[in-house]
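Pasting model-v4.txt here (compact mmCIF, C-alpha atoms):
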# COMPACT_ATOMS: atom_id res chain seq x y z
CA MET A 183 24.61 13.01 -47.19
CA PRO A 184 24.30 9.55 -48.82
CA PRO A 185 26.78 6.84 -47.84
CA THR A 186 29.98 5.72 -49.48
CA LEU A 187 29.63 2.11 -50.68
CA ILE A 188 32.28 -0.60 -50.64
CA LEU A 189 30.95 -3.18 -53.10
CA ILE A 190 32.51 -6.62 -52.71
CA ARG A 191 32.15 -9.76 -54.81
CA HIS A 192 32.12 -13.08 -52.98
CA ALA A 193 35.26 -15.21 -52.96
CA GLN A 194 35.68 -18.25 -55.24
CA ALA A 195 32.94 -20.86 -54.74
CA LEU A 196 32.82 -24.47 -55.90
CA HIS A 197 30.76 -23.72 -59.01
CA ASN A 198 33.45 -21.22 -60.08
CA VAL A 199 36.08 -23.94 -59.86
CA ALA A 200 34.26 -26.56 -61.94
CA ASP A 201 32.01 -24.30 -64.06
CA ASP A 202 29.25 -26.52 -62.71
CA TRP A 203 26.04 -24.51 -62.54
CA SER A 204 24.10 -27.52 -61.22
CA LEU A 205 25.57 -27.13 -57.72
CA HIS A 206 22.88 -25.68 -55.50
CA ASP A 207 23.91 -22.58 -53.51
CA PRO A 208 27.52 -23.76 -53.36
CA PRO A 209 29.98 -22.94 -50.58
CA LEU A 210 33.38 -21.37 -50.98
CA SER A 211 36.31 -23.41 -52.23
CA ALA A 212 39.55 -23.78 -50.27
CA LEU A 213 41.01 -21.03 -52.47
CA GLY A 214 37.94 -18.91 -51.75
CA GLU A 215 38.61 -19.14 -48.03
CA GLU A 216 42.20 -18.01 -48.65
CA GLN A 217 40.89 -15.12 -50.74
CA CYS A 218 38.73 -14.02 -47.81
CA ALA A 219 41.81 -13.81 -45.61
CA GLU A 220 43.53 -11.67 -48.28
CA LEU A 221 40.45 -9.50 -48.59
CA GLN A 222 40.38 -8.89 -44.86
CA GLN A 223 44.06 -7.96 -44.73
CA THR A 224 43.70 -5.56 -47.66
CA LEU A 225 40.56 -3.89 -46.32
CA LYS A 226 42.18 -3.39 -42.93
CA GLN A 227 44.64 -1.11 -44.71
CA GLU A 228 41.83 0.95 -46.29
CA GLU A 229 41.01 3.96 -44.14
CA ILE A 230 37.45 4.03 -45.49
CA ALA A 231 36.88 0.36 -44.53
CA ASP A 232 37.60 1.16 -40.89
CA LYS A 233 34.65 3.58 -41.05
CA VAL A 234 32.09 0.96 -42.13
CA GLU A 235 28.91 1.24 -40.06
CA LEU A 236 26.79 -1.45 -41.74
CA ILE A 237 27.41 -4.65 -43.71
CA VAL A 238 24.73 -5.69 -46.21
CA VAL A 239 25.10 -9.18 -47.63
CA SER A 240 23.28 -11.33 -50.16
CA ALA A 241 21.51 -14.13 -48.31
CA MET A 242 23.29 -16.80 -50.38
CA ARG A 243 25.82 -19.19 -48.87
CA ARG A 244 28.96 -17.97 -50.66
CA THR A 245 28.32 -14.32 -49.85
CA LEU A 246 27.51 -15.06 -46.22
CA GLN A 247 30.73 -17.05 -45.95
CA THR A 248 32.68 -14.21 -47.54
CA ALA A 249 31.22 -11.76 -45.04
CA LYS A 250 31.96 -14.12 -42.17
CA LEU A 251 35.57 -14.80 -43.17
CA GLY A 252 36.48 -11.55 -44.90
CA LEU A 253 34.82 -8.96 -42.67
CA GLY A 254 35.13 -10.61 -39.30
CA TRP A 255 37.10 -7.78 -37.76
CA LEU A 256 34.19 -5.46 -38.44
CA TYR A 257 31.25 -7.46 -37.09
CA GLU A 258 33.11 -9.40 -34.38
CA ASP A 259 35.58 -6.86 -33.02
CA LYS A 260 33.76 -3.61 -33.82
CA LYS A 261 30.24 -5.05 -33.52
CA ILE A 262 29.16 -3.64 -36.90
CA PRO A 263 25.65 -4.94 -37.72
CA VAL A 264 25.21 -7.39 -40.60
CA LEU A 265 22.03 -7.26 -42.68
CA PRO A 266 21.33 -10.29 -44.93
CA ASP A 267 19.27 -9.05 -47.87
CA ALA A 268 17.50 -10.99 -50.65
CA GLY A 269 17.79 -7.99 -52.93
CA TRP A 270 21.52 -8.46 -53.44
CA GLN A 271 21.33 -12.11 -54.57
CA GLU A 272 22.62 -13.27 -57.96
CA ASN A 273 20.66 -12.88 -61.20
CA ALA A 274 20.17 -16.30 -62.77
CA ASP A 275 17.78 -19.05 -61.71
CA LYS A 276 20.28 -21.90 -62.14
CA PRO A 277 20.84 -24.03 -59.02
CA CYS A 278 24.16 -22.32 -58.28
CA ASP A 279 22.44 -18.92 -58.30
CA THR A 280 19.40 -19.95 -56.26
CA GLY A 281 19.58 -19.57 -52.50
CA SER A 282 18.67 -21.95 -49.69
CA PRO A 283 15.74 -21.55 -47.28
CA ILE A 284 16.35 -18.92 -44.64
CA GLN A 285 15.84 -21.50 -41.89
CA VAL A 286 18.83 -23.40 -43.27
CA MET A 287 21.00 -20.29 -43.51
CA ALA A 288 20.04 -19.22 -39.99
CA ARG A 289 21.32 -22.56 -38.66
CA GLU A 290 24.56 -22.31 -40.65
CA PHE A 291 25.21 -18.68 -39.75
CA PRO A 292 23.79 -18.15 -36.24
CA GLN A 293 25.87 -14.98 -35.83
CA PHE A 294 23.68 -13.19 -38.42
CA ASP A 295 20.08 -12.01 -38.02
CA PHE A 296 17.87 -13.19 -40.91
CA SER A 297 14.62 -11.80 -39.55
CA LYS A 298 14.41 -9.02 -42.15
CA VAL A 299 15.02 -11.18 -45.23
CA ASP A 300 12.08 -11.10 -47.65
CA PRO A 301 10.01 -14.27 -46.97
CA LEU A 302 9.68 -14.74 -50.75
CA TYR A 303 13.37 -15.68 -50.82
CA PRO A 304 14.74 -17.88 -52.41
CA ASP A 305 11.91 -18.14 -54.98
CA LYS A 306 12.77 -16.48 -58.27
CA THR A 307 10.82 -18.64 -60.74
CA THR A 308 7.14 -18.19 -59.92
CA ASN A 309 5.03 -15.27 -61.18
CA LEU A 310 7.81 -14.03 -63.43
CA HIS A 311 5.94 -10.87 -64.37
CA SER A 312 5.70 -9.72 -60.74
CA ASN A 313 8.49 -11.56 -58.89
CA PRO A 314 11.15 -8.95 -57.97
CA TYR A 315 13.85 -11.64 -58.13
CA ALA A 316 12.91 -13.01 -61.57
CA PHE A 317 15.68 -13.59 -64.08
CA THR A 318 14.54 -10.90 -66.50
CA GLY A 319 16.18 -7.69 -67.58
CA ARG A 320 13.49 -5.42 -66.25
CA ALA A 321 13.22 -7.19 -62.89
CA ILE A 322 16.98 -7.17 -62.33
CA PHE A 323 17.40 -3.52 -63.29
CA ALA A 324 14.47 -2.59 -61.03
CA ARG A 325 15.97 -4.65 -58.20
CA GLY A 326 19.29 -2.87 -58.55
CA GLN A 327 17.58 0.49 -58.33
CA THR A 328 15.57 -0.65 -55.30
CA CYS A 329 18.76 -1.77 -53.55
CA LEU A 330 20.52 1.52 -54.28
CA GLN A 331 17.52 3.55 -53.18
CA ALA A 332 17.41 1.69 -49.87
CA LEU A 333 21.09 2.41 -49.19
CA TYR A 334 20.86 6.03 -50.34
CA SER A 335 18.40 6.89 -47.60
CA ARG A 336 20.19 5.08 -44.76
CA PRO A 337 21.87 7.08 -41.97
CA GLU A 338 25.22 5.25 -42.10
CA LYS A 339 28.08 7.09 -43.81
CA VAL A 340 29.96 4.02 -45.05
CA ILE A 341 28.31 0.71 -46.00
CA ALA A 342 29.98 -2.51 -47.15
CA VAL A 343 27.96 -4.77 -49.46
CA VAL A 344 28.84 -8.39 -50.31
CA SER A 345 27.12 -9.49 -53.51
CA HIS A 346 27.66 -11.20 -56.88
CA SER A 347 29.43 -10.36 -60.13
CA GLY A 348 26.39 -10.66 -62.38
CA PHE A 349 24.10 -8.54 -60.28
CA LEU A 350 26.73 -5.90 -59.56
CA ARG A 351 27.65 -5.60 -63.23
CA THR A 352 24.19 -5.58 -64.80
CA ALA A 353 22.13 -3.74 -62.20
CA VAL A 354 24.34 -1.75 -59.88
CA CYS A 355 27.62 -0.42 -61.25
CA ASN A 356 28.51 -1.73 -64.75
CA ARG A 357 31.82 -3.12 -63.53
CA ARG A 358 33.37 -6.57 -63.51
CA PHE A 359 34.61 -7.94 -60.20
CA PHE A 360 37.16 -10.70 -59.67
CA ASN A 361 36.43 -13.08 -56.80
CA ALA A 362 36.87 -11.35 -53.41
CA ASP A 363 37.73 -8.03 -55.03
CA TYR A 364 36.04 -4.75 -54.14
CA ARG A 365 35.37 -1.29 -55.53
CA ILE A 366 34.43 1.93 -53.75
CA PHE A 367 31.62 4.21 -54.93
CA GLU A 368 29.79 7.41 -54.12
CA PHE A 369 26.31 8.37 -55.23
CA ASP A 370 26.62 10.81 -58.16
CA GLU A 371 24.24 13.58 -57.10
CA ASP A 372 24.75 15.62 -60.30
CA ALA A 373 24.00 12.66 -62.56
CA MET A 374 21.00 11.76 -60.44
CA ALA A 375 19.60 15.30 -60.67
CA GLU A 376 20.03 15.24 -64.44
CA SER A 377 18.32 11.85 -64.64
CA LYS A 378 15.44 13.17 -62.56
CA GLU A 379 14.99 16.10 -64.94
CA LYS A 380 14.78 13.62 -67.82
CA ALA A 381 12.18 11.54 -65.92
CA GLU A 382 14.32 8.43 -66.26
CA GLY A 383 14.26 5.34 -64.08
CA VAL A 384 11.77 2.68 -63.15
CA ASP A 385 9.18 5.18 -61.91
CA GLY A 386 10.24 8.21 -63.95
CA LYS A 387 11.69 9.89 -60.85
CA GLY A 388 15.30 9.49 -61.94
CA LEU A 389 18.03 6.87 -61.65
CA PHE A 390 20.19 6.19 -58.65
CA VAL A 391 23.67 6.57 -60.13
CA LEU A 392 27.07 5.63 -58.72
CA ARG A 393 30.52 6.95 -59.53
CA GLU A 394 33.60 4.94 -58.68
CA TRP A 395 36.53 6.22 -56.71
CA GLU A 396 39.46 6.87 -59.01
CA GLU A 397 41.62 4.80 -56.67
CA THR A 398 39.84 1.49 -57.33
CA GLU A 399 38.93 2.30 -60.96
CA GLU A 400 42.53 2.90 -62.04
CA LYS A 401 43.83 -0.06 -60.07
CA GLY A 402 41.21 -2.51 -61.31
CA GLY A 403 39.48 -3.02 -57.95
CA GLY A 404 40.91 -2.68 -54.47
CA MET A 405 42.83 -5.92 -54.89
CA GLY A 406 43.91 -4.94 -58.41
CA ARG A 407 42.50 -8.16 -59.88
CA SER A 408 39.39 -6.94 -61.69
CA GLU A 409 38.93 -5.86 -65.27
CA LYS A 410 39.19 -2.11 -65.74
CA GLY A 411 36.53 0.01 -67.40
CA VAL A 412 32.77 0.24 -67.80
CA VAL A 413 30.93 -2.86 -69.01
CA LYS A 414 27.38 -1.91 -70.00
CA SER A 415 24.52 -4.39 -69.95
CA ASP A 416 22.13 -5.19 -72.74
CA TRP A 417 19.25 -7.60 -73.14
CA SER A 418 21.62 -10.38 -74.26
CA ASP A 419 22.58 -10.74 -70.58
CA PHE A 420 19.16 -12.25 -69.92
CA PRO A 421 17.26 -15.23 -71.41
CA SER A 422 14.70 -14.13 -73.97
CA ASP A 423 12.31 -16.94 -73.05
CA VAL A 424 11.59 -15.41 -69.64
CA GLN A 425 11.27 -11.79 -70.72
CA PRO A 426 7.91 -10.05 -70.37
CA PRO A 427 6.36 -9.35 -73.80
CA GLU A 428 7.31 -5.68 -73.76
CA VAL A 429 10.94 -6.63 -73.19
CA GLU A 430 11.02 -9.16 -76.01
CA GLU A 431 10.23 -6.31 -78.38
CA GLU A 432 13.33 -4.47 -77.20
CA GLN A 433 15.95 -7.19 -77.42
CA THR A 434 18.34 -5.02 -79.41
CA LYS A 435 18.18 -2.06 -77.04
CA GLU A 436 20.60 -1.44 -74.20
CA LEU A 437 19.44 -1.36 -70.62
CA PRO A 438 19.06 2.15 -69.16
CA ASP A 439 22.28 4.07 -69.73
CA GLU A 440 24.62 5.79 -67.30
CA VAL A 441 23.96 3.91 -64.08
CA VAL A 442 27.56 4.49 -63.10
CA LYS A 443 30.30 7.01 -63.80
CA ASN A 444 33.97 7.40 -62.90
CA VAL A 445 35.27 9.96 -60.47
CA HIS A 446 37.88 12.10 -62.20
CA SER A 447 39.48 14.68 -59.97
Write-out of the structure in structure tokens:
Amino acid sequence: MPPTLILIRHAQALHNVADDWSLHDPPLSALGEEQCAELQQTLKQEEIADKVELIVVSAMRRTLQTAKLGLGWLYEDKKIPVLPDAGWQENADKPCDTGSPIQVMAREFPQFDFSKVDPLYPDKTTNLHSNPYAFTGRAIFARGQTCLQALYSRPEKVIAVVSHSGFLRTAVCNRRFFNADYRIFEFDEDAMAESKEKAEGVDGKGLFVLREWEETEEKGGGMGRSEKGVVKSDWSDFPSDVQPPEVEEEQTKELPDEVVKNVHS
């Protein structure tokens, strides 16, 4: 049975405060650190959070800090493993959305094991047609599907993921996340079977589809601070000047539909 996912957006970082996208891989703000404490207290009251068996985290500074400060009771007290992963990094190639070398992160976060992070990280600007982290619609959608596929086949029953608003919205779950808010999802087996029959997805073998728990959907995230409802992506979310030629011809089309559904019971 595939795992339940607790998807978490990082807490407020310095570029969020100043709307300054020139800050390279910025750290959390003072408010962001406070938000992590709130996140931890709220998650401790979630029965499902106490069942987390793995923490996956974007290898960027603000997400690593959020995992460190917001999920400490899991990895410190319960010894839950933490897996930094380049796949869950943010979309854009601005300085604020570009990570730091793994050697730097390993020094800053010695409690985490970075040995499995893709050595290509943090490059997302070379070989745009083949770079899995390129800031293009097709690359980001494919990356989201790759990330979901990897989690789908894992043995853990509950996995927490700390990532970014842009990537979560456009490639994973079509939802907006406030800083340090979270949403809970299951894999939608019925929708995935239907997608497979239609030969959808990156390889024609069907989409990996999520459905959100009614609890967090109706509340607007676990903290109740996120916008409610589905927010679909289209090609306007990505810069046209870095799209592969075949994408430029489809600027008016939406990205693949139905990558997430609600749970209505």
Which segment 231-258 of chain A residues have any atom within 12 Å of an atom of segment 295-303 of chain A, and for each, what is the nearest pair of atoms with distance in Å to one decimal, counting only C-alpha atoms, rows sorted by chain and number, as JSON lines?
{"residue": "A:Ile237", "atom": "CA", "partner": "A:Asp295", "partner_atom": "CA", "distance": 11.8}
{"residue": "A:Val238", "atom": "CA", "partner": "A:Val299", "partner_atom": "CA", "distance": 11.2}
{"residue": "A:Val239", "atom": "CA", "partner": "A:Val299", "partner_atom": "CA", "distance": 10.6}
{"residue": "A:Ser240", "atom": "CA", "partner": "A:Val299", "partner_atom": "CA", "distance": 9.6}
{"residue": "A:Ala241", "atom": "CA", "partner": "A:Val299", "partner_atom": "CA", "distance": 7.8}
{"residue": "A:Met242", "atom": "CA", "partner": "A:Tyr303", "partner_atom": "CA", "distance": 10.0}
{"residue": "A:Leu246", "atom": "CA", "partner": "A:Phe296", "partner_atom": "CA", "distance": 11.2}
From A:Ser335, A:Thr318, A:Gln223, A:Ser211, residue lying nearest Asp416 of chain A [only C-alpha atoms]: A:Thr318
Can you list, as a list of chain:residue names, every protein, DNA or RNA residue that comes within 12 Å of Cys329 of chain A when you count all atoms listed in the file, leaving out same-chain residues fewer than 6 positions away? A:Leu187, A:Val238, A:Val239, A:Ser240, A:Asp267, A:Ala268, A:Gly269, A:Trp270, A:Gln271, A:Pro314, A:Tyr315, A:Ile322, A:Phe323, A:Ser335, A:Arg336, A:Val343, A:Ser345, A:Phe349, A:Leu350, A:Ala353, A:Val354, A:Cys355, A:Leu389, A:Phe390, A:Val391
One residue among A:Leu251, A:Ala274, A:Leu213, A:Val344 is nearest to Pro421 of chain A when using only C-alpha atoms, and that residue is A:Ala274
Atom-to-atom span, atom CA of Leu253 of chain A and atom CA of Trp395 of chain A, Å: 20.7 Å
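Ranking A:Lys250, A:Lys387, A:Asn356, A:Leu196 by their shortest atom-to-atom distance to Ala375 of chain A, with all atoms listed in the file included, puts A:Lys387 first.
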As AutoDock Vina command-line options, please report the centre and edge lengths, rounded to one decimal in Å, of the axis-aligned box that holds all listed atoms of segment 246-250 of chain A with 3 Å of padding on each of the six sides.
--center_x 30.1 --center_y -14.4 --center_z -44.9 --size_x 11.2 --size_y 11.3 --size_z 11.4
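Residue nearest Lys233 of chain A, chosen from A:Glu338, A:Asp207, A:Glu258, A:Asp419 and counting all atoms listed in the file: A:Glu338.
Across the model, the gap from atom CA of Cys278 of chain A to atom CA of His197 of chain A is 6.8 Å.
Every polymer residue reaching to within 12 Å of (24.9, -27.3, -59.7), counting all atoms listed in the file, appears in this list: Ala195, Leu196, His197, Asn198, Val199, Ala200, Asp201, Asp202, Trp203, Ser204, Leu205, His206, Asp207, Pro208, Pro209, Asp275, Lys276, Pro277, Cys278, Asp279, Thr280 and Gly281 of chain A.
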Atoms added to segment 362-373 of chain A (all heavy atoms), reported as a PDB file, in the frame of the given file:
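As written to disk, rebuild-v9.pdb reads:
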ATOM      1  N   ALA A 362      36.369 -11.984 -54.638  1.00  0.00           N
ATOM      2  CA  ALA A 362      36.870 -11.350 -53.410  1.00  0.00           C
ATOM      3  C   ALA A 362      37.524 -10.007 -53.664  1.00  0.00           C
ATOM      4  O   ALA A 362      38.276  -9.526 -52.814  1.00  0.00           O
ATOM      5  CB  ALA A 362      37.828 -12.286 -52.664  1.00  0.00           C
ATOM      6  N   ASP A 363      37.235  -9.380 -54.787  1.00  0.00           N
ATOM      7  CA  ASP A 363      37.730  -8.030 -55.030  1.00  0.00           C
ATOM      8  C   ASP A 363      36.623  -7.021 -54.677  1.00  0.00           C
ATOM      9  O   ASP A 363      35.454  -7.394 -54.551  1.00  0.00           O
ATOM     10  CB  ASP A 363      38.153  -7.848 -56.486  1.00  0.00           C
ATOM     11  CG  ASP A 363      39.239  -6.776 -56.646  1.00  0.00           C
ATOM     12  OD1 ASP A 363      39.522  -6.055 -55.656  1.00  0.00           O
ATOM     13  OD2 ASP A 363      39.791  -6.662 -57.755  1.00  0.00           O
ATOM     14  N   TYR A 364      37.000  -5.780 -54.538  1.00  0.00           N
ATOM     15  CA  TYR A 364      36.040  -4.750 -54.140  1.00  0.00           C
ATOM     16  C   TYR A 364      36.300  -3.456 -54.892  1.00  0.00           C
ATOM     17  O   TYR A 364      37.386  -3.213 -55.419  1.00  0.00           O
ATOM     18  CB  TYR A 364      36.117  -4.500 -52.626  1.00  0.00           C
ATOM     19  CG  TYR A 364      37.439  -3.932 -52.141  1.00  0.00           C
ATOM     20  CD1 TYR A 364      37.624  -2.552 -52.008  1.00  0.00           C
ATOM     21  CD2 TYR A 364      38.501  -4.778 -51.814  1.00  0.00           C
ATOM     22  CE1 TYR A 364      38.837  -2.034 -51.568  1.00  0.00           C
ATOM     23  CE2 TYR A 364      39.710  -4.270 -51.375  1.00  0.00           C
ATOM     24  CZ  TYR A 364      39.879  -2.899 -51.257  1.00  0.00           C
ATOM     25  OH  TYR A 364      41.082  -2.391 -50.825  1.00  0.00           O
ATOM     26  N   ARG A 365      35.274  -2.621 -54.940  1.00  0.00           N
ATOM     27  CA  ARG A 365      35.370  -1.290 -55.530  1.00  0.00           C
ATOM     28  C   ARG A 365      34.616  -0.325 -54.615  1.00  0.00           C
ATOM     29  O   ARG A 365      33.658  -0.717 -53.934  1.00  0.00           O
ATOM     30  CB  ARG A 365      34.750  -1.263 -56.929  1.00  0.00           C
ATOM     31  CG  ARG A 365      35.470  -2.146 -57.969  1.00  0.00           C
ATOM     32  CD  ARG A 365      34.732  -2.108 -59.293  1.00  0.00           C
ATOM     33  NE  ARG A 365      35.320  -2.935 -60.318  1.00  0.00           N
ATOM     34  CZ  ARG A 365      36.274  -2.536 -61.165  1.00  0.00           C
ATOM     35  NH1 ARG A 365      36.744  -1.296 -61.080  1.00  0.00           N
ATOM     36  NH2 ARG A 365      36.745  -3.351 -62.085  1.00  0.00           N
ATOM     37  N   ILE A 366      35.025   0.931 -54.638  1.00  0.00           N
ATOM     38  CA  ILE A 366      34.430   1.930 -53.750  1.00  0.00           C
ATOM     39  C   ILE A 366      33.692   2.970 -54.591  1.00  0.00           C
ATOM     40  O   ILE A 366      34.219   3.462 -55.593  1.00  0.00           O
ATOM     41  CB  ILE A 366      35.516   2.605 -52.892  1.00  0.00           C
ATOM     42  CG1 ILE A 366      36.320   1.548 -52.132  1.00  0.00           C
ATOM     43  CG2 ILE A 366      34.874   3.595 -51.918  1.00  0.00           C
ATOM     44  CD1 ILE A 366      37.523   2.096 -51.391  1.00  0.00           C
ATOM     45  N   PHE A 367      32.484   3.308 -54.174  1.00  0.00           N
ATOM     46  CA  PHE A 367      31.620   4.210 -54.930  1.00  0.00           C
ATOM     47  C   PHE A 367      30.983   5.267 -54.052  1.00  0.00           C
ATOM     48  O   PHE A 367      30.774   5.063 -52.854  1.00  0.00           O
ATOM     49  CB  PHE A 367      30.474   3.419 -55.603  1.00  0.00           C
ATOM     50  CG  PHE A 367      30.917   2.453 -56.661  1.00  0.00           C
ATOM     51  CD1 PHE A 367      31.274   1.159 -56.323  1.00  0.00           C
ATOM     52  CD2 PHE A 367      30.957   2.823 -57.991  1.00  0.00           C
ATOM     53  CE1 PHE A 367      31.669   0.255 -57.292  1.00  0.00           C
ATOM     54  CE2 PHE A 367      31.358   1.934 -58.970  1.00  0.00           C
ATOM     55  CZ  PHE A 367      31.714   0.643 -58.620  1.00  0.00           C
ATOM     56  N   GLU A 368      30.643   6.381 -54.691  1.00  0.00           N
ATOM     57  CA  GLU A 368      29.790   7.410 -54.120  1.00  0.00           C
ATOM     58  C   GLU A 368      28.525   7.504 -54.968  1.00  0.00           C
ATOM     59  O   GLU A 368      28.527   7.103 -56.142  1.00  0.00           O
ATOM     60  CB  GLU A 368      30.488   8.782 -54.124  1.00  0.00           C
ATOM     61  CG  GLU A 368      31.853   8.816 -53.478  1.00  0.00           C
ATOM     62  CD  GLU A 368      31.797   8.900 -51.966  1.00  0.00           C
ATOM     63  OE1 GLU A 368      30.676   8.967 -51.426  1.00  0.00           O
ATOM     64  OE2 GLU A 368      32.878   8.907 -51.335  1.00  0.00           O
ATOM     65  N   PHE A 369      27.477   8.044 -54.425  1.00  0.00           N
ATOM     66  CA  PHE A 369      26.310   8.370 -55.230  1.00  0.00           C
ATOM     67  C   PHE A 369      26.620   9.670 -55.990  1.00  0.00           C
ATOM     68  O   PHE A 369      27.128  10.641 -55.416  1.00  0.00           O
ATOM     69  CB  PHE A 369      25.072   8.557 -54.356  1.00  0.00           C
ATOM     70  CG  PHE A 369      24.465   7.266 -53.905  1.00  0.00           C
ATOM     71  CD1 PHE A 369      24.862   6.683 -52.709  1.00  0.00           C
ATOM     72  CD2 PHE A 369      23.500   6.631 -54.673  1.00  0.00           C
ATOM     73  CE1 PHE A 369      24.305   5.482 -52.283  1.00  0.00           C
ATOM     74  CE2 PHE A 369      22.938   5.427 -54.263  1.00  0.00           C
ATOM     75  CZ  PHE A 369      23.345   4.848 -53.065  1.00  0.00           C
ATOM     76  N   ASP A 370      26.342   9.657 -57.293  1.00  0.00           N
ATOM     77  CA  ASP A 370      26.620  10.810 -58.160  1.00  0.00           C
ATOM     78  C   ASP A 370      25.395  11.722 -58.159  1.00  0.00           C
ATOM     79  O   ASP A 370      24.461  11.546 -58.950  1.00  0.00           O
ATOM     80  CB  ASP A 370      26.945  10.328 -59.576  1.00  0.00           C
ATOM     81  CG  ASP A 370      27.475  11.443 -60.452  1.00  0.00           C
ATOM     82  OD1 ASP A 370      27.131  12.613 -60.208  1.00  0.00           O
ATOM     83  OD2 ASP A 370      28.236  11.139 -61.394  1.00  0.00           O
ATOM     84  N   GLU A 371      25.398  12.704 -57.265  1.00  0.00           N
ATOM     85  CA  GLU A 371      24.240  13.580 -57.100  1.00  0.00           C
ATOM     86  C   GLU A 371      23.940  14.389 -58.367  1.00  0.00           C
ATOM     87  O   GLU A 371      22.775  14.614 -58.704  1.00  0.00           O
ATOM     88  CB  GLU A 371      24.474  14.536 -55.926  1.00  0.00           C
ATOM     89  CG  GLU A 371      24.699  13.850 -54.591  1.00  0.00           C
ATOM     90  CD  GLU A 371      23.410  13.426 -53.916  1.00  0.00           C
ATOM     91  OE1 GLU A 371      22.360  13.337 -54.585  1.00  0.00           O
ATOM     92  OE2 GLU A 371      23.436  13.185 -52.695  1.00  0.00           O
ATOM     93  N   ASP A 372      24.971  14.843 -59.072  1.00  0.00           N
ATOM     94  CA  ASP A 372      24.750  15.620 -60.300  1.00  0.00           C
ATOM     95  C   ASP A 372      24.084  14.769 -61.370  1.00  0.00           C
ATOM     96  O   ASP A 372      23.124  15.197 -62.018  1.00  0.00           O
ATOM     97  CB  ASP A 372      26.070  16.183 -60.822  1.00  0.00           C
ATOM     98  CG  ASP A 372      26.650  17.250 -59.911  1.00  0.00           C
ATOM     99  OD1 ASP A 372      25.878  17.851 -59.140  1.00  0.00           O
ATOM    100  OD2 ASP A 372      27.881  17.474 -59.968  1.00  0.00           O
ATOM    101  N   ALA A 373      24.591  13.553 -61.558  1.00  0.00           N
ATOM    102  CA  ALA A 373      24.000  12.660 -62.560  1.00  0.00           C
ATOM    103  C   ALA A 373      22.580  12.273 -62.172  1.00  0.00           C
ATOM    104  O   ALA A 373      21.706  12.135 -63.038  1.00  0.00           O
ATOM    105  CB  ALA A 373      24.866  11.408 -62.720  1.00  0.00           C
TER     106      ALA A 373
END
